[in-house]
Amino acid sequence: MDDEMKAIILGVIERAPQWIRHDLAAKDAASRARAEETLAAMIADALGNGNAGSPGNG
């Protein structure tokens, strides 16, 4: 993994909505899975577009 890819992933994680952060720590498996799938989709989108998903980048 190169530095640009790491920066993109970190950018997505830094901008993750609070509900994702909360649900990643949830005891409920369905909530956790929803948050994991959403975060994975956000990361995949950012990598595909070459940006961290911030407004104005892409």
# chains A, B, ... in the order shown; residues from 1 in each chain; ligands from 1
>>> residues_around(residues="A:Ala40", least_positions_apart="5", cutoff="12 Å", atoms="only C-alpha atoms", output="list in words")
Ile9, Val12, Ile13, Ala16, Ile20, Leu24, Ala33, Arg34, Ala35, Asp45, Ala46 and Leu47 of chain A
>>> write_last_selection(atoms="N, CA, C and O atoms", output="PDB file, in the first residue's frame")
ATOM      1  N   ILE A   9      -7.465   6.525   2.532  1.00  0.00           N
ATOM      2  CA  ILE A   9      -8.196   5.730   3.526  1.00  0.00           C
ATOM      3  C   ILE A   9      -8.306   6.480   4.845  1.00  0.00           C
ATOM      4  O   ILE A   9      -9.376   6.542   5.445  1.00  0.00           O
ATOM      5  N   VAL A  12     -10.946   9.177   4.642  1.00  0.00           N
ATOM      6  CA  VAL A  12     -12.319   8.665   4.749  1.00  0.00           C
ATOM      7  C   VAL A  12     -12.650   8.358   6.204  1.00  0.00           C
ATOM      8  O   VAL A  12     -13.725   8.718   6.697  1.00  0.00           O
ATOM      9  N   ILE A  13     -11.742   7.706   6.888  1.00  0.00           N
ATOM     10  CA  ILE A  13     -11.986   7.347   8.293  1.00  0.00           C
ATOM     11  C   ILE A  13     -12.143   8.600   9.149  1.00  0.00           C
ATOM     12  O   ILE A  13     -13.028   8.666  10.006  1.00  0.00           O
ATOM     13  N   ALA A  16     -15.631   9.958   8.686  1.00  0.00           N
ATOM     14  CA  ALA A  16     -16.751   9.031   8.889  1.00  0.00           C
ATOM     15  C   ALA A  16     -17.772   9.653   9.841  1.00  0.00           C
ATOM     16  O   ALA A  16     -17.401  10.223  10.874  1.00  0.00           O
ATOM     17  N   ILE A  20     -21.509   5.882  12.193  1.00  0.00           N
ATOM     18  CA  ILE A  20     -20.649   4.766  11.794  1.00  0.00           C
ATOM     19  C   ILE A  20     -19.688   4.436  12.923  1.00  0.00           C
ATOM     20  O   ILE A  20     -19.512   3.269  13.284  1.00  0.00           O
ATOM     21  N   LEU A  24     -19.790   0.817  14.809  1.00  0.00           N
ATOM     22  CA  LEU A  24     -18.639  -0.091  14.717  1.00  0.00           C
ATOM     23  C   LEU A  24     -18.327  -0.720  16.075  1.00  0.00           C
ATOM     24  O   LEU A  24     -17.790  -1.825  16.138  1.00  0.00           O
ATOM     25  N   ALA A  33     -22.380  -4.725  11.269  1.00  0.00           N
ATOM     26  CA  ALA A  33     -22.237  -5.107   9.864  1.00  0.00           C
ATOM     27  C   ALA A  33     -22.629  -3.954   8.943  1.00  0.00           C
ATOM     28  O   ALA A  33     -21.951  -3.699   7.942  1.00  0.00           O
ATOM     29  N   ARG A  34     -23.714  -3.244   9.285  1.00  0.00           N
ATOM     30  CA  ARG A  34     -24.148  -2.102   8.476  1.00  0.00           C
ATOM     31  C   ARG A  34     -23.060  -1.030   8.448  1.00  0.00           C
ATOM     32  O   ARG A  34     -22.731  -0.489   7.387  1.00  0.00           O
ATOM     33  N   ALA A  35     -22.475  -0.747   9.602  1.00  0.00           N
ATOM     34  CA  ALA A  35     -21.421   0.267   9.675  1.00  0.00           C
ATOM     35  C   ALA A  35     -20.177  -0.179   8.905  1.00  0.00           C
ATOM     36  O   ALA A  35     -19.556   0.615   8.186  1.00  0.00           O
ATOM     37  N   ASP A  45     -15.167   3.841  -2.733  1.00  0.00           N
ATOM     38  CA  ASP A  45     -15.512   4.982  -3.575  1.00  0.00           C
ATOM     39  C   ASP A  45     -14.372   5.992  -3.620  1.00  0.00           C
ATOM     40  O   ASP A  45     -14.006   6.488  -4.686  1.00  0.00           O
ATOM     41  N   ALA A  46     -13.814   6.295  -2.460  1.00  0.00           N
ATOM     42  CA  ALA A  46     -12.719   7.268  -2.405  1.00  0.00           C
ATOM     43  C   ALA A  46     -11.504   6.767  -3.173  1.00  0.00           C
ATOM     44  O   ALA A  46     -10.860   7.529  -3.890  1.00  0.00           O
ATOM     45  N   LEU A  47     -11.189   5.483  -3.049  1.00  0.00           N
ATOM     46  CA  LEU A  47     -10.054   4.925  -3.783  1.00  0.00           C
ATOM     47  C   LEU A  47     -10.330   4.946  -5.289  1.00  0.00           C
ATOM     48  O   LEU A  47      -9.431   5.241  -6.082  1.00  0.00           O
TER      49      LEU A  47
END
>>> atom_distance(atom1="atom CA of A:Pro17", atom2="atom CA of A:Glu36")
12.3 Å
>>> residues_around(residues="A:Ile8", least_positions_apart="4", cutoff="10 Å", atoms="only C-alpha atoms", output="PDB file with all heavy atoms, in the first residue's frame")
ATOM      1  N   ASP A   3       1.714   5.506  -0.047  1.00  0.00           N
ATOM      2  CA  ASP A   3       1.361   6.620   0.842  1.00  0.00           C
ATOM      3  C   ASP A   3       0.076   7.322   0.409  1.00  0.00           C
ATOM      4  O   ASP A   3      -0.716   7.754   1.252  1.00  0.00           O
ATOM      5  CB  ASP A   3       2.503   7.634   0.909  1.00  0.00           C
ATOM      6  CG  ASP A   3       3.689   7.106   1.696  1.00  0.00           C
ATOM      7  OD1 ASP A   3       3.505   6.166   2.497  1.00  0.00           O
ATOM      8  OD2 ASP A   3       4.805   7.634   1.508  1.00  0.00           O
ATOM      9  N   GLU A   4      -0.158   7.431  -0.899  1.00  0.00           N
ATOM     10  CA  GLU A   4      -1.375   8.086  -1.376  1.00  0.00           C
ATOM     11  C   GLU A   4      -2.616   7.293  -0.970  1.00  0.00           C
ATOM     12  O   GLU A   4      -3.604   7.864  -0.508  1.00  0.00           O
ATOM     13  CB  GLU A   4      -1.334   8.240  -2.892  1.00  0.00           C
ATOM     14  CG  GLU A   4      -2.562   8.938  -3.446  1.00  0.00           C
ATOM     15  CD  GLU A   4      -2.535   9.086  -4.950  1.00  0.00           C
ATOM     16  OE1 GLU A   4      -1.578   8.624  -5.599  1.00  0.00           O
ATOM     17  OE2 GLU A   4      -3.496   9.657  -5.486  1.00  0.00           O
ATOM     18  N   VAL A  12     -10.946   9.177   4.642  1.00  0.00           N
ATOM     19  CA  VAL A  12     -12.319   8.665   4.749  1.00  0.00           C
ATOM     20  C   VAL A  12     -12.650   8.358   6.204  1.00  0.00           C
ATOM     21  O   VAL A  12     -13.725   8.718   6.697  1.00  0.00           O
ATOM     22  CB  VAL A  12     -12.503   7.405   3.876  1.00  0.00           C
ATOM     23  CG1 VAL A  12     -13.852   6.749   4.146  1.00  0.00           C
ATOM     24  CG2 VAL A  12     -12.379   7.752   2.404  1.00  0.00           C
ATOM     25  N   ILE A  13     -11.742   7.706   6.888  1.00  0.00           N
ATOM     26  CA  ILE A  13     -11.986   7.347   8.293  1.00  0.00           C
ATOM     27  C   ILE A  13     -12.143   8.600   9.149  1.00  0.00           C
ATOM     28  O   ILE A  13     -13.028   8.666  10.006  1.00  0.00           O
ATOM     29  CB  ILE A  13     -10.870   6.431   8.822  1.00  0.00           C
ATOM     30  CG1 ILE A  13     -10.941   5.078   8.097  1.00  0.00           C
ATOM     31  CG2 ILE A  13     -10.976   6.248  10.331  1.00  0.00           C
ATOM     32  CD1 ILE A  13      -9.753   4.174   8.348  1.00  0.00           C
ATOM     33  N   GLU A  14     -11.329   9.608   8.897  1.00  0.00           N
ATOM     34  CA  GLU A  14     -11.422  10.851   9.666  1.00  0.00           C
ATOM     35  C   GLU A  14     -12.769  11.535   9.462  1.00  0.00           C
ATOM     36  O   GLU A  14     -13.282  12.186  10.360  1.00  0.00           O
ATOM     37  CB  GLU A  14     -10.308  11.816   9.260  1.00  0.00           C
ATOM     38  CG  GLU A  14      -8.953  11.397   9.753  1.00  0.00           C
ATOM     39  CD  GLU A  14      -7.833  12.271   9.208  1.00  0.00           C
ATOM     40  OE1 GLU A  14      -8.048  13.010   8.219  1.00  0.00           O
ATOM     41  OE2 GLU A  14      -6.731  12.200   9.766  1.00  0.00           O
ATOM     42  N   ILE A  43     -14.744   3.846   1.544  1.00  0.00           N
ATOM     43  CA  ILE A  43     -13.321   3.699   1.219  1.00  0.00           C
ATOM     44  C   ILE A  43     -13.155   3.300  -0.245  1.00  0.00           C
ATOM     45  O   ILE A  43     -12.320   3.864  -0.964  1.00  0.00           O
ATOM     46  CB  ILE A  43     -12.641   2.692   2.161  1.00  0.00           C
ATOM     47  CG1 ILE A  43     -12.575   3.273   3.581  1.00  0.00           C
ATOM     48  CG2 ILE A  43     -11.242   2.333   1.659  1.00  0.00           C
ATOM     49  CD1 ILE A  43     -12.155   2.278   4.647  1.00  0.00           C
ATOM     50  N   ALA A  44     -13.943   2.334  -0.707  1.00  0.00           N
ATOM     51  CA  ALA A  44     -13.852   1.891  -2.102  1.00  0.00           C
ATOM     52  C   ALA A  44     -14.145   3.042  -3.058  1.00  0.00           C
ATOM     53  O   ALA A  44     -13.452   3.213  -4.071  1.00  0.00           O
ATOM     54  CB  ALA A  44     -14.805   0.727  -2.340  1.00  0.00           C
ATOM     55  N   ALA A  46     -13.814   6.295  -2.460  1.00  0.00           N
ATOM     56  CA  ALA A  46     -12.719   7.268  -2.405  1.00  0.00           C
ATOM     57  C   ALA A  46     -11.504   6.767  -3.173  1.00  0.00           C
ATOM     58  O   ALA A  46     -10.860   7.529  -3.890  1.00  0.00           O
ATOM     59  CB  ALA A  46     -12.344   7.559  -0.950  1.00  0.00           C
ATOM     60  N   LEU A  47     -11.189   5.483  -3.049  1.00  0.00           N
ATOM     61  CA  LEU A  47     -10.054   4.925  -3.783  1.00  0.00           C
ATOM     62  C   LEU A  47     -10.330   4.946  -5.289  1.00  0.00           C
ATOM     63  O   LEU A  47      -9.431   5.241  -6.082  1.00  0.00           O
ATOM     64  CB  LEU A  47      -9.753   3.512  -3.320  1.00  0.00           C
ATOM     65  CG  LEU A  47      -9.166   3.387  -1.915  1.00  0.00           C
ATOM     66  CD1 LEU A  47      -9.077   1.929  -1.498  1.00  0.00           C
ATOM     67  CD2 LEU A  47      -7.805   4.054  -1.836  1.00  0.00           C
ATOM     68  N   ASN A  49     -12.180   7.044  -6.893  1.00  0.00           N
ATOM     69  CA  ASN A  49     -12.173   8.423  -7.371  1.00  0.00           C
ATOM     70  C   ASN A  49     -10.858   9.138  -7.085  1.00  0.00           C
ATOM     71  O   ASN A  49     -10.682  10.279  -7.506  1.00  0.00           O
ATOM     72  CB  ASN A  49     -13.324   9.203  -6.733  1.00  0.00           C
ATOM     73  CG  ASN A  49     -14.659   8.737  -7.225  1.00  0.00           C
ATOM     74  OD1 ASN A  49     -14.822   8.410  -8.394  1.00  0.00           O
ATOM     75  ND2 ASN A  49     -15.628   8.679  -6.341  1.00  0.00           N
ATOM     76  N   GLY A  50      -9.984   8.489  -6.324  1.00  0.00           N
ATOM     77  CA  GLY A  50      -8.688   9.085  -6.018  1.00  0.00           C
ATOM     78  C   GLY A  50      -8.752  10.251  -5.060  1.00  0.00           C
ATOM     79  O   GLY A  50      -7.933  11.146  -5.115  1.00  0.00           O
ATOM     80  N   ASN A  51      -9.754  10.243  -4.175  1.00  0.00           N
ATOM     81  CA  ASN A  51      -9.847  11.322  -3.183  1.00  0.00           C
ATOM     82  C   ASN A  51     -10.357  10.786  -1.866  1.00  0.00           C
ATOM     83  O   ASN A  51     -10.805   9.651  -1.783  1.00  0.00           O
ATOM     84  CB  ASN A  51     -10.750  12.458  -3.694  1.00  0.00           C
ATOM     85  CG  ASN A  51     -12.190  12.029  -3.848  1.00  0.00           C
ATOM     86  OD1 ASN A  51     -12.833  11.652  -2.881  1.00  0.00           O
ATOM     87  ND2 ASN A  51     -12.697  12.080  -5.056  1.00  0.00           N
ATOM     88  N   ALA A  52     -10.306  11.624  -0.853  1.00  0.00           N
ATOM     89  CA  ALA A  52     -10.714  11.193   0.481  1.00  0.00           C
ATOM     90  C   ALA A  52     -12.191  11.422   0.751  1.00  0.00           C
ATOM     91  O   ALA A  52     -12.639  11.315   1.878  1.00  0.00           O
ATOM     92  CB  ALA A  52      -9.874  11.914   1.537  1.00  0.00           C
ATOM     93  N   GLY A  53     -12.947  11.758  -0.271  1.00  0.00           N
ATOM     94  CA  GLY A  53     -14.382  11.919  -0.103  1.00  0.00           C
ATOM     95  C   GLY A  53     -14.799  13.236   0.501  1.00  0.00           C
ATOM     96  O   GLY A  53     -15.933  13.396   0.896  1.00  0.00           O
TER      97      GLY A  53
END
>>> select_by_dssp(residues="stretch 12-54 of chain A", states="alpha helix (DSSP H)", output="JSON, numbers by chain")
{"A": [12, 13, 14, 18, 19, 20, 21, 22, 23, 24, 29, 30, 31, 32, 33, 34, 35, 36, 37, 38, 39, 40, 41, 42, 43, 44, 45, 46, 47, 48, 49]}
>>> atom_distance(atom1="atom CA of A:Leu10", atom2="atom CA of A:Ser31")
22.2 Å
>>> atom_distance(atom1="atom CA of A:Met1", atom2="atom CA of A:Trp19")
27.8 Å
>>> decode(residues="stretch 9-53 of chain A", atoms="N, CA and C atoms", output="JSON list (two decimals), in the first residue's frame")
[["chain", "number", "residue", "atom", "x", "y", "z"],
["A", 9, "ILE", "N", -7.47, 6.53, 2.53],
["A", 9, "ILE", "CA", -8.20, 5.73, 3.53],
["A", 9, "ILE", "C", -8.31, 6.48, 4.84],
["A", 10, "LEU", "N", -7.21, 7.06, 5.28],
["A", 10, "LEU", "CA", -7.24, 7.84, 6.53],
["A", 10, "LEU", "C", -8.22, 9.01, 6.42],
["A", 11, "GLY", "N", -8.26, 9.67, 5.28],
["A", 11, "GLY", "CA", -9.18, 10.78, 5.08],
["A", 11, "GLY", "C", -10.63, 10.34, 5.21],
["A", 12, "VAL", "N", -10.95, 9.18, 4.64],
["A", 12, "VAL", "CA", -12.32, 8.66, 4.75],
["A", 12, "VAL", "C", -12.65, 8.36, 6.20],
["A", 13, "ILE", "N", -11.74, 7.71, 6.89],
["A", 13, "ILE", "CA", -11.99, 7.35, 8.29],
["A", 13, "ILE", "C", -12.14, 8.60, 9.15],
["A", 14, "GLU", "N", -11.33, 9.61, 8.90],
["A", 14, "GLU", "CA", -11.42, 10.85, 9.67],
["A", 14, "GLU", "C", -12.77, 11.53, 9.46],
["A", 15, "ARG", "N", -13.36, 11.38, 8.27],
["A", 15, "ARG", "CA", -14.63, 12.04, 7.95],
["A", 15, "ARG", "C", -15.85, 11.14, 8.15],
["A", 16, "ALA", "N", -15.63, 9.96, 8.69],
["A", 16, "ALA", "CA", -16.75, 9.03, 8.89],
["A", 16, "ALA", "C", -17.77, 9.65, 9.84],
["A", 17, "PRO", "N", -19.04, 9.55, 9.49],
["A", 17, "PRO", "CA", -20.08, 10.10, 10.37],
["A", 17, "PRO", "C", -20.06, 9.43, 11.74],
["A", 18, "GLN", "N", -20.58, 10.13, 12.73],
["A", 18, "GLN", "CA", -20.59, 9.63, 14.10],
["A", 18, "GLN", "C", -21.35, 8.32, 14.22],
["A", 19, "TRP", "N", -22.45, 8.15, 13.47],
["A", 19, "TRP", "CA", -23.23, 6.91, 13.59],
["A", 19, "TRP", "C", -22.40, 5.70, 13.16],
["A", 20, "ILE", "N", -21.51, 5.88, 12.19],
["A", 20, "ILE", "CA", -20.65, 4.77, 11.79],
["A", 20, "ILE", "C", -19.69, 4.44, 12.92],
["A", 21, "ARG", "N", -19.07, 5.44, 13.49],
["A", 21, "ARG", "CA", -18.13, 5.22, 14.60],
["A", 21, "ARG", "C", -18.83, 4.51, 15.76],
["A", 22, "HIS", "N", -20.05, 4.97, 16.06],
["A", 22, "HIS", "CA", -20.81, 4.38, 17.15],
["A", 22, "HIS", "C", -21.17, 2.93, 16.85],
["A", 23, "ASP", "N", -21.67, 2.68, 15.65],
["A", 23, "ASP", "CA", -22.13, 1.34, 15.30],
["A", 23, "ASP", "C", -20.98, 0.35, 15.12],
["A", 24, "LEU", "N", -19.79, 0.82, 14.81],
["A", 24, "LEU", "CA", -18.64, -0.09, 14.72],
["A", 24, "LEU", "C", -18.33, -0.72, 16.08],
["A", 25, "ALA", "N", -18.68, -0.02, 17.14],
["A", 25, "ALA", "CA", -18.45, -0.53, 18.50],
["A", 25, "ALA", "C", -19.69, -1.18, 19.11],
["A", 26, "ALA", "N", -20.75, -1.28, 18.35],
["A", 26, "ALA", "CA", -22.01, -1.82, 18.87],
["A", 26, "ALA", "C", -21.92, -3.31, 19.16],
["A", 27, "LYS", "N", -22.67, -3.75, 20.16],
["A", 27, "LYS", "CA", -22.75, -5.18, 20.46],
["A", 27, "LYS", "C", -23.65, -5.90, 19.46],
["A", 28, "ASP", "N", -24.60, -5.16, 18.89],
["A", 28, "ASP", "CA", -25.53, -5.72, 17.92],
["A", 28, "ASP", "C", -24.81, -6.00, 16.60],
["A", 29, "ALA", "N", -24.80, -7.26, 16.19],
["A", 29, "ALA", "CA", -24.08, -7.67, 14.98],
["A", 29, "ALA", "C", -24.61, -7.00, 13.73],
["A", 30, "ALA", "N", -25.91, -6.80, 13.64],
["A", 30, "ALA", "CA", -26.50, -6.17, 12.46],
["A", 30, "ALA", "C", -26.05, -4.71, 12.33],
["A", 31, "SER", "N", -26.00, -4.00, 13.44],
["A", 31, "SER", "CA", -25.54, -2.61, 13.44],
["A", 31, "SER", "C", -24.08, -2.52, 13.04],
["A", 32, "ARG", "N", -23.28, -3.42, 13.60],
["A", 32, "ARG", "CA", -21.86, -3.45, 13.27],
["A", 32, "ARG", "C", -21.65, -3.74, 11.79],
["A", 33, "ALA", "N", -22.38, -4.73, 11.27],
["A", 33, "ALA", "CA", -22.24, -5.11, 9.86],
["A", 33, "ALA", "C", -22.63, -3.95, 8.94],
["A", 34, "ARG", "N", -23.71, -3.24, 9.29],
["A", 34, "ARG", "CA", -24.15, -2.10, 8.48],
["A", 34, "ARG", "C", -23.06, -1.03, 8.45],
["A", 35, "ALA", "N", -22.47, -0.75, 9.60],
["A", 35, "ALA", "CA", -21.42, 0.27, 9.68],
["A", 35, "ALA", "C", -20.18, -0.18, 8.90],
["A", 36, "GLU", "N", -19.81, -1.45, 9.02],
["A", 36, "GLU", "CA", -18.64, -1.97, 8.31],
["A", 36, "GLU", "C", -18.84, -1.89, 6.81],
["A", 37, "GLU", "N", -20.03, -2.28, 6.34],
["A", 37, "GLU", "CA", -20.32, -2.24, 4.91],
["A", 37, "GLU", "C", -20.33, -0.81, 4.38],
["A", 38, "THR", "N", -20.88, 0.10, 5.16],
["A", 38, "THR", "CA", -20.93, 1.50, 4.75],
["A", 38, "THR", "C", -19.53, 2.08, 4.68],
["A", 39, "LEU", "N", -18.71, 1.82, 5.70],
["A", 39, "LEU", "CA", -17.35, 2.33, 5.70],
["A", 39, "LEU", "C", -16.54, 1.73, 4.55],
["A", 40, "ALA", "N", -16.71, 0.45, 4.29],
["A", 40, "ALA", "CA", -16.01, -0.19, 3.18],
["A", 40, "ALA", "C", -16.42, 0.44, 1.85],
["A", 41, "ALA", "N", -17.71, 0.74, 1.68],
["A", 41, "ALA", "CA", -18.17, 1.38, 0.45],
["A", 41, "ALA", "C", -17.59, 2.79, 0.31],
["A", 42, "MET", "N", -17.53, 3.51, 1.42],
["A", 42, "MET", "CA", -16.95, 4.86, 1.38],
["A", 42, "MET", "C", -15.48, 4.81, 0.98],
["A", 43, "ILE", "N", -14.74, 3.85, 1.54],
["A", 43, "ILE", "CA", -13.32, 3.70, 1.22],
["A", 43, "ILE", "C", -13.15, 3.30, -0.24],
["A", 44, "ALA", "N", -13.94, 2.33, -0.71],
["A", 44, "ALA", "CA", -13.85, 1.89, -2.10],
["A", 44, "ALA", "C", -14.15, 3.04, -3.06],
["A", 45, "ASP", "N", -15.17, 3.84, -2.73],
["A", 45, "ASP", "CA", -15.51, 4.98, -3.58],
["A", 45, "ASP", "C", -14.37, 5.99, -3.62],
["A", 46, "ALA", "N", -13.81, 6.30, -2.46],
["A", 46, "ALA", "CA", -12.72, 7.27, -2.40],
["A", 46, "ALA", "C", -11.50, 6.77, -3.17],
["A", 47, "LEU", "N", -11.19, 5.48, -3.05],
["A", 47, "LEU", "CA", -10.05, 4.93, -3.78],
["A", 47, "LEU", "C", -10.33, 4.95, -5.29],
["A", 48, "GLY", "N", -11.55, 4.65, -5.67],
["A", 48, "GLY", "CA", -11.92, 4.65, -7.07],
["A", 48, "GLY", "C", -11.86, 6.03, -7.70],
["A", 49, "ASN", "N", -12.18, 7.04, -6.89],
["A", 49, "ASN", "CA", -12.17, 8.42, -7.37],
["A", 49, "ASN", "C", -10.86, 9.14, -7.09],
["A", 50, "GLY", "N", -9.98, 8.49, -6.32],
["A", 50, "GLY", "CA", -8.69, 9.09, -6.02],
["A", 50, "GLY", "C", -8.75, 10.25, -5.06],
["A", 51, "ASN", "N", -9.75, 10.24, -4.17],
["A", 51, "ASN", "CA", -9.85, 11.32, -3.18],
["A", 51, "ASN", "C", -10.36, 10.79, -1.87],
["A", 52, "ALA", "N", -10.31, 11.62, -0.85],
["A", 52, "ALA", "CA", -10.71, 11.19, 0.48],
["A", 52, "ALA", "C", -12.19, 11.42, 0.75],
["A", 53, "GLY", "N", -12.95, 11.76, -0.27],
["A", 53, "GLY", "CA", -14.38, 11.92, -0.10],
["A", 53, "GLY", "C", -14.80, 13.24, 0.50]]
